[in-house]
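Student: One structure is given below, represented as structure tokens, and several questions about it will come after.
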Amino acid sequence: MNKINNFSTREKTGSHAGDEKYYTRLNLHERIQHHITWSTFFILATTGFMVEFPEKWLFIFGSYKETVFYFRGLIHRIAAVVMIANLFYQAWYVTFTKSGRSLLRDMIPKLQDAKDFFQNMFYYLKLTDQKPLFDRFNYKEKMEYWTGWIGNIIITVTGFFLWFPQYFFKIIFDVSILVHTMEAILASCAIMVWHFYEVHLKPGKFPMSKIWLDGKIPEHELEEEHPLEYQRIKQAESASATSDL
Amino acid sequence: MKVQTLTLKIVLISVTIAASLYVSPSLMAADVENCLMCHKYTGLGRIDENGKKRLFYVNEAPYTHSAHGRLRCKDCHVNIEKFPHVDLEKVDCATECHLVEPSVERKFSHAKMIEEFELSVHGRKDSQGKLKEYPEDLPTCIYCHENRTLEPIALGGGIEGIAQDVLDRCLGCHEDEQWTRTYYSHLTHRLKKRRSSEKMVELCASCHEDEEKMQRHGLEATGTYRDTFHWQAIKYGDTNAPNCIDCHAPVGYFSHTIMPKTDPRSAIYKENLVPTCSNPNGLQECHLSATPAFAQGKIHPSGVKAKLFDLKLATFEKQEMIKKGELKPFKSLLAQKAQEEFTPMEYYQYLFLRLIKYLYMLLIGGLISFMIFHQFLDYFATRREMKKGGTHR
């Protein structure tokens with residue numbers, strides 16, 4: 001019963017062009033969350049790293065330097081508030097909706113993920129021919145999801161102290177400005193290496209995977225990348241087909 | 001010497017001939033001593049005994065609009081008596097000039113100011129009146145004060161230029177327009193900052209970022225101010241962000257008597273930090289609700305972000321000096337200073353910050369290299385699969 005619940009949120013969505021079947025990978029909630037996340041991340045990273053620009057680059061702003069700086073701070077703060085609101089939205093989503101709870105359940109790291117990781121590394125290094133069989137979320141996606149949460153919380157807390165430094169101890173400010181910068185560098189590098197490769201640069205995905213736009217994953221991709229989940233869906237489909245008869 | 005005198009004479013003769021042909025009478029009006037007869041020529045100059053280029057050209061228009069525009073040349077260049085001008089003394093700003101200061105009706109002089117300045121941390125004399133070590137490193141008047149052109153502002157708007165309606169009122173009593181314009185400019189150009197914050201930082205940094213010079217005087221170079229958010233804002237031209245003077249000599253303090261942080265008269269002395277950070281009387285909006293807990297600790301020599309300073313100075317010569325032990329690397333100098341000068345609490349905070357920094361660097365370096373490695377392997381594995389006719393389409 002539990003299993004059926006699990007994928008009942010991810011029902012088959014009919015066929016697109018040709019005979020390729022599509023399944024829902026990101027529902028509307030998740031797509032909205034992703035859109036807010038990437039857009040605020042882009043704005044925050046750009047306006048944030050602007051303070052670290054070397055002096056000689058600033059001539060590109062010409063006489064508007066001061067205006068640019070003013071709006072940089074303003075936009076950074078607005079985007080930060082939106083990002084934090086999005087965190088609360090996600091927290092609400094994974095707590096109070098059925099599909100959200102199923103997402104959270106599937107995201108929990110398990111021992112199997114460690115095994116998958118080692119098997120995958122062996123597979124990469126041609127030490128085994130057996131590719132690990134991933135479930136709905138593989139270890140890469142789980143890692144990204146949870147480091148995302150941790151990073152977001154760190155950035156939010158330190159950012160709050162940077163916004164209102166005068167009410168706290170100076171050492172808190174010192175730690176915050178250091179951690180805020182370092183965490184931003186870490187997050188930006190991680191996104192560029194880990195996420196952009198996975199969804200943009202990977203052979204077969206280039207120029208990009210379209211899941212973030214319509215939330216639909218083609219059947220062959222689901223079968224290949226998330227075989228365990230695919231098997232479960234297939235079983236449930238055949239079970240419901242037999243029960244329909 | 002003789003050759004030089006001869007060349008000078010040739011120059012002077014040719015200049016005089018040229019002058020008789022070109023000088024327009026209107027330009028000469030302000031110049032009673034007629035120095036501009038020669039000094040208005042842009043090419044007037046020579047190479048001195050030390051091989052240094054000297055230019056003696058005086059641009060009249062900006063000069064007459066400068067703070068010293070009404071002075072005669074010989075008021076400051078006192079011992080000019082013959083041609084060519086030899087054995088000149090350097091201009092001394094303490095000289096009494098012939099200008100009478102109207103408020104006290106005495107001859108004007110900067111002597112009092114200089115006396116005060118000489119006793120300050122930047123002055124050449126210590127508290128006993130003796131000359132300090134390396135006096136040539138210390139700034140004199142003209143190191144910071146060039147004879148700047150008066151830049152008046154239109155009262156009210158703060159826009160550059162003279163407000164005609166205000167000037168008209170002045171002219172109601174003061175009939176001489178030239179005189180009125182000069183005094184209007186004299187007053188109003190002090191109502192705005194002479195230097196942008198960026199220029200101010202450059203001025204202070206021209207000495208205080210010189211590691212060798214600072215070491216000679218037992219100071220640490222300011223390599224970390226440019227890591228602060230204060231500087232990040234200033235480099236974008238933010239007029240609200242503090243430059244050096246805004247904290248080290250804020251409202252109520254005077255830049256001529258600037259003091260080190262250990263002196264109770266200093267704005268950055270421990271007990272004085274709260275008003276300095278909150279800046280209630282200043283024009284800038286600072287940390288108005290600053291608490292004593294916030295207004296403590298190091299603002300820029302924390303050294304945690306002293307990232308590129310060593311790199312910036314990494315010239316070959318400096319590297320050699322560091323190798324020989326004549327110069328200490330900036331980072332280790334900071335660490336040593338931290339050990340000597342910080343209170344235990346401050347020192348642990350400093351260590352804590354360093355620890356966080358290194359942990360993060362390790363995390364970034366380790367994690368990102370792992371990710372790059374992982375994705376490279378994934379790339380080749382995916383290519384292998386595609387060759388075998390994998391399902392990636």
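Letters A, B, ... mark the chains of the structure tokens in the order given; residue numbers begin at 1 per chain; ligand numbers begin at 1, in order shown.
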For the interface of chain A with chain B (cut-off 8 Å, counting only C-alpha atoms), please tabulate each contacting residue of chain A alongside its nearest pair of atoms and their separation in Å to one decimal, rows sorted by chain and increasing number, as CSV.
Tutor:
```
residue,atom,partner,partner_atom,distance
A:Val51,CA,B:Gln232,CA,5.5
A:Glu52,CA,B:Gln232,CA,7.2
A:Glu55,CA,B:Lys235,CA,6.4
A:Leu58,CA,B:Tyr236,CA,7.2
A:Lys65,CA,B:Tyr236,CA,5.1
A:Glu66,CA,B:Gly237,CA,5.0
A:Val68,CA,B:Tyr236,CA,7.9
A:Phe69,CA,B:Tyr236,CA,6.1
A:Tyr70,CA,B:Asp238,CA,8.0
A:Met121,CA,B:His374,CA,8.0
A:Tyr123,CA,B:Ala381,CA,8.0
A:Tyr124,CA,B:Ala381,CA,5.6
A:Leu125,CA,B:Leu377,CA,7.4
A:Pro165,CA,B:Phe294,CA,7.4
A:Gln166,CA,B:Ala290,CA,4.8
A:Tyr167,CA,B:Thr291,CA,6.5
A:Phe168,CA,B:Phe294,CA,5.7
A:Phe169,CA,B:Phe294,CA,4.6
A:Lys170,CA,B:Phe294,CA,4.5
A:Ile171,CA,B:Gln349,CA,7.1
A:Asp174,CA,B:Leu353,CA,7.7
A:Val175,CA,B:Leu353,CA,6.4
A:Leu178,CA,B:Lys357,CA,7.2
A:Val179,CA,B:Ile356,CA,7.7
A:Met182,CA,B:Tyr360,CA,6.5
A:Glu183,CA,B:Tyr360,CA,7.8
A:Ile185,CA,B:Ile364,CA,7.9
A:Leu186,CA,B:Ile364,CA,5.5
A:Cys189,CA,B:Ile368,CA,6.9
A:Ala190,CA,B:Ile368,CA,6.4
A:Val193,CA,B:Ile372,CA,6.3
A:Trp194,CA,B:Met371,CA,6.2
A:Tyr197,CA,B:Gln375,CA,7.2
A:Lys202,CA,B:Tyr379,CA,6.5
A:Pro203,CA,B:Thr382,CA,6.7
A:Gly204,CA,B:His392,CA,5.2
A:His220,CA,B:Thr391,CA,6.9
A:Glu221,CA,B:His392,CA,7.3
A:Glu224,CA,B:Thr391,CA,7.3
```
Student: Please produce an output containing N, CA and C atoms for each residue in the selection, written as a compact mmCIF listing (two decimals), in the first residue's frame.
Tutor:
```txt
# COMPACT_ATOMS: atom_id res chain seq x y z
N VAL A 51 30.84 42.59 -4.82
CA VAL A 51 31.69 43.30 -3.85
C VAL A 51 33.12 42.77 -3.87
N GLU A 52 33.31 41.60 -4.42
CA GLU A 52 34.67 41.05 -4.48
C GLU A 52 35.36 41.36 -5.80
N GLU A 55 39.24 46.22 -8.26
CA GLU A 55 38.96 47.63 -8.54
C GLU A 55 38.97 47.95 -10.03
N LEU A 58 35.81 47.88 -12.32
CA LEU A 58 34.63 48.69 -12.05
C LEU A 58 34.43 49.81 -13.07
N LYS A 65 28.69 53.96 -10.95
CA LYS A 65 29.22 53.04 -9.94
C LYS A 65 28.42 53.06 -8.65
N GLU A 66 28.18 54.28 -8.13
CA GLU A 66 27.53 54.37 -6.83
C GLU A 66 26.10 53.85 -6.89
N VAL A 68 24.96 51.67 -9.01
CA VAL A 68 25.05 50.21 -9.14
C VAL A 68 25.23 49.58 -7.76
N PHE A 69 26.08 50.21 -6.95
CA PHE A 69 26.36 49.64 -5.63
C PHE A 69 25.11 49.68 -4.75
N TYR A 70 24.36 50.79 -4.84
CA TYR A 70 23.16 50.92 -4.03
C TYR A 70 22.15 49.83 -4.41
N MET A 121 31.67 4.10 -8.56
CA MET A 121 33.07 4.44 -8.79
C MET A 121 33.80 3.26 -9.44
N TYR A 123 32.44 1.06 -11.28
CA TYR A 123 31.94 0.98 -12.65
C TYR A 123 32.65 2.01 -13.54
N TYR A 124 32.83 3.22 -13.00
CA TYR A 124 33.53 4.26 -13.75
C TYR A 124 34.95 3.82 -14.09
N LEU A 125 35.59 3.18 -13.10
CA LEU A 125 36.99 2.78 -13.28
C LEU A 125 37.11 1.42 -13.97
N PRO A 165 24.41 43.93 11.87
CA PRO A 165 25.59 43.59 12.67
C PRO A 165 25.65 44.31 14.01
N GLN A 166 25.05 45.50 14.08
CA GLN A 166 25.31 46.36 15.23
C GLN A 166 24.67 45.86 16.52
N TYR A 167 23.77 44.87 16.41
CA TYR A 167 23.11 44.38 17.63
C TYR A 167 23.86 43.20 18.26
N PHE A 168 24.91 42.73 17.59
CA PHE A 168 25.57 41.53 18.08
C PHE A 168 27.04 41.79 18.34
N PHE A 169 27.71 40.76 18.88
CA PHE A 169 29.14 40.88 19.12
C PHE A 169 29.90 40.99 17.82
N LYS A 170 31.00 41.69 17.88
CA LYS A 170 31.82 41.89 16.69
C LYS A 170 32.32 40.55 16.13
N ILE A 171 32.62 39.60 17.03
CA ILE A 171 33.16 38.32 16.57
C ILE A 171 32.12 37.60 15.72
N ASP A 174 32.46 39.02 12.35
CA ASP A 174 33.69 38.53 11.70
C ASP A 174 33.50 37.13 11.15
N VAL A 175 32.91 36.26 12.00
CA VAL A 175 32.68 34.88 11.56
C VAL A 175 31.70 34.88 10.40
N LEU A 178 33.07 35.96 7.00
CA LEU A 178 33.98 34.94 6.47
C LEU A 178 33.20 33.75 5.94
N VAL A 179 32.28 33.26 6.77
CA VAL A 179 31.52 32.06 6.39
C VAL A 179 30.61 32.35 5.20
N MET A 182 32.81 32.33 2.08
CA MET A 182 33.34 31.00 1.77
C MET A 182 32.23 30.06 1.32
N GLU A 183 31.08 30.14 2.01
CA GLU A 183 29.96 29.28 1.65
C GLU A 183 29.46 29.61 0.24
N ILE A 185 31.28 30.81 -2.20
CA ILE A 185 32.25 30.27 -3.17
C ILE A 185 32.02 28.77 -3.32
N LEU A 186 31.86 28.10 -2.18
CA LEU A 186 31.65 26.65 -2.20
C LEU A 186 30.39 26.30 -3.00
N CYS A 189 30.75 27.01 -6.82
CA CYS A 189 31.61 26.00 -7.47
C CYS A 189 30.87 24.68 -7.57
N ALA A 190 30.20 24.30 -6.49
CA ALA A 190 29.51 23.01 -6.48
C ALA A 190 28.42 22.99 -7.54
N VAL A 193 30.06 22.69 -11.01
CA VAL A 193 30.68 21.40 -11.33
C VAL A 193 29.64 20.27 -11.25
N TRP A 194 28.90 20.21 -10.17
CA TRP A 194 28.04 19.05 -9.90
C TRP A 194 26.75 19.13 -10.70
N TYR A 197 26.95 20.02 -14.76
CA TYR A 197 27.37 18.85 -15.54
C TYR A 197 26.21 17.89 -15.68
N LYS A 202 26.42 16.92 -19.53
CA LYS A 202 26.56 15.48 -19.67
C LYS A 202 26.18 15.04 -21.08
N PRO A 203 26.98 14.16 -21.68
CA PRO A 203 26.62 13.70 -23.02
C PRO A 203 25.21 13.10 -23.00
N GLY A 204 24.45 13.47 -24.00
CA GLY A 204 23.06 13.02 -24.04
C GLY A 204 22.11 14.02 -23.41
N HIS A 220 12.43 6.10 -21.43
CA HIS A 220 13.73 5.43 -21.55
C HIS A 220 14.74 6.00 -20.56
N GLU A 221 14.61 7.32 -20.30
CA GLU A 221 15.53 7.95 -19.36
C GLU A 221 15.26 7.48 -17.94
N GLU A 224 16.53 4.01 -17.51
CA GLU A 224 17.99 3.90 -17.44
C GLU A 224 18.57 4.50 -16.17
```
Student: Go through B:Thr95, B:Cys38, B:Glu385, B:Phe117 and flag the residue nearest Lys126 in chain A, using only C-alpha atoms for the distances.
Tutor: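 For Lys126 in chain A, the nearest of the candidates is B:Glu385.
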Student: Just the residues within 9 Å of Asn120 in chain A, please, counting only C-alpha atoms, with nothing from its chain fewer than 6 positions along; format it as an mmCIF file with N, CA and C atoms, in the first residue's frame.
Tutor:
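After the write, selection_9.cif holds the following:
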```cif
data_model
loop_
_atom_site.group_PDB
_atom_site.id
_atom_site.type_symbol
_atom_site.label_atom_id
_atom_site.label_comp_id
_atom_site.auth_asym_id
_atom_site.auth_seq_id
_atom_site.Cartn_x
_atom_site.Cartn_y
_atom_site.Cartn_z
ATOM 1 N N THR A 128 34.105 -3.035 -12.607
ATOM 2 C CA THR A 128 32.937 -3.908 -12.678
ATOM 3 C C THR A 128 32.075 -3.469 -13.868
ATOM 4 N N GLN A 130 28.823 -3.990 -13.757
ATOM 5 C CA GLN A 130 27.484 -3.841 -13.201
ATOM 6 C C GLN A 130 27.258 -2.407 -12.728
ATOM 7 N N LYS A 131 26.394 -1.690 -13.442
ATOM 8 C CA LYS A 131 26.054 -0.339 -13.038
ATOM 9 C C LYS A 131 25.089 -0.417 -11.845
ATOM 10 N N PRO A 132 25.264 0.437 -10.846
ATOM 11 C CA PRO A 132 24.322 0.357 -9.712
ATOM 12 C C PRO A 132 22.910 0.715 -10.152
#
```
Student: Could you tell me, as a PyMOL selection string, which residues of range 97-331 of chain B DSSP assigns to strand (DSSP E or B) when given the backbone?
Tutor: chain B and resi 100-101+106-107+125+131+149+153-154+159-160
Student: Enter the distance from CA of Ala94 in chain B to CA of Ile114 in chain B, in Å, rounded to one decimal.
Tutor: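 Straight-line distance from CA of Ala94 in chain B to CA of Ile114 in chain B works out to 6.9 Å.
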Student: From the set A:Ser99, A:Ser188, A:Thr46, A:Ser238, which residue has the shortest atom-to-atom contact distance to Leu26 in chain A, counting only C-alpha atoms?
Tutor: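 Nearest to Leu26 in chain A: A:Ser99.
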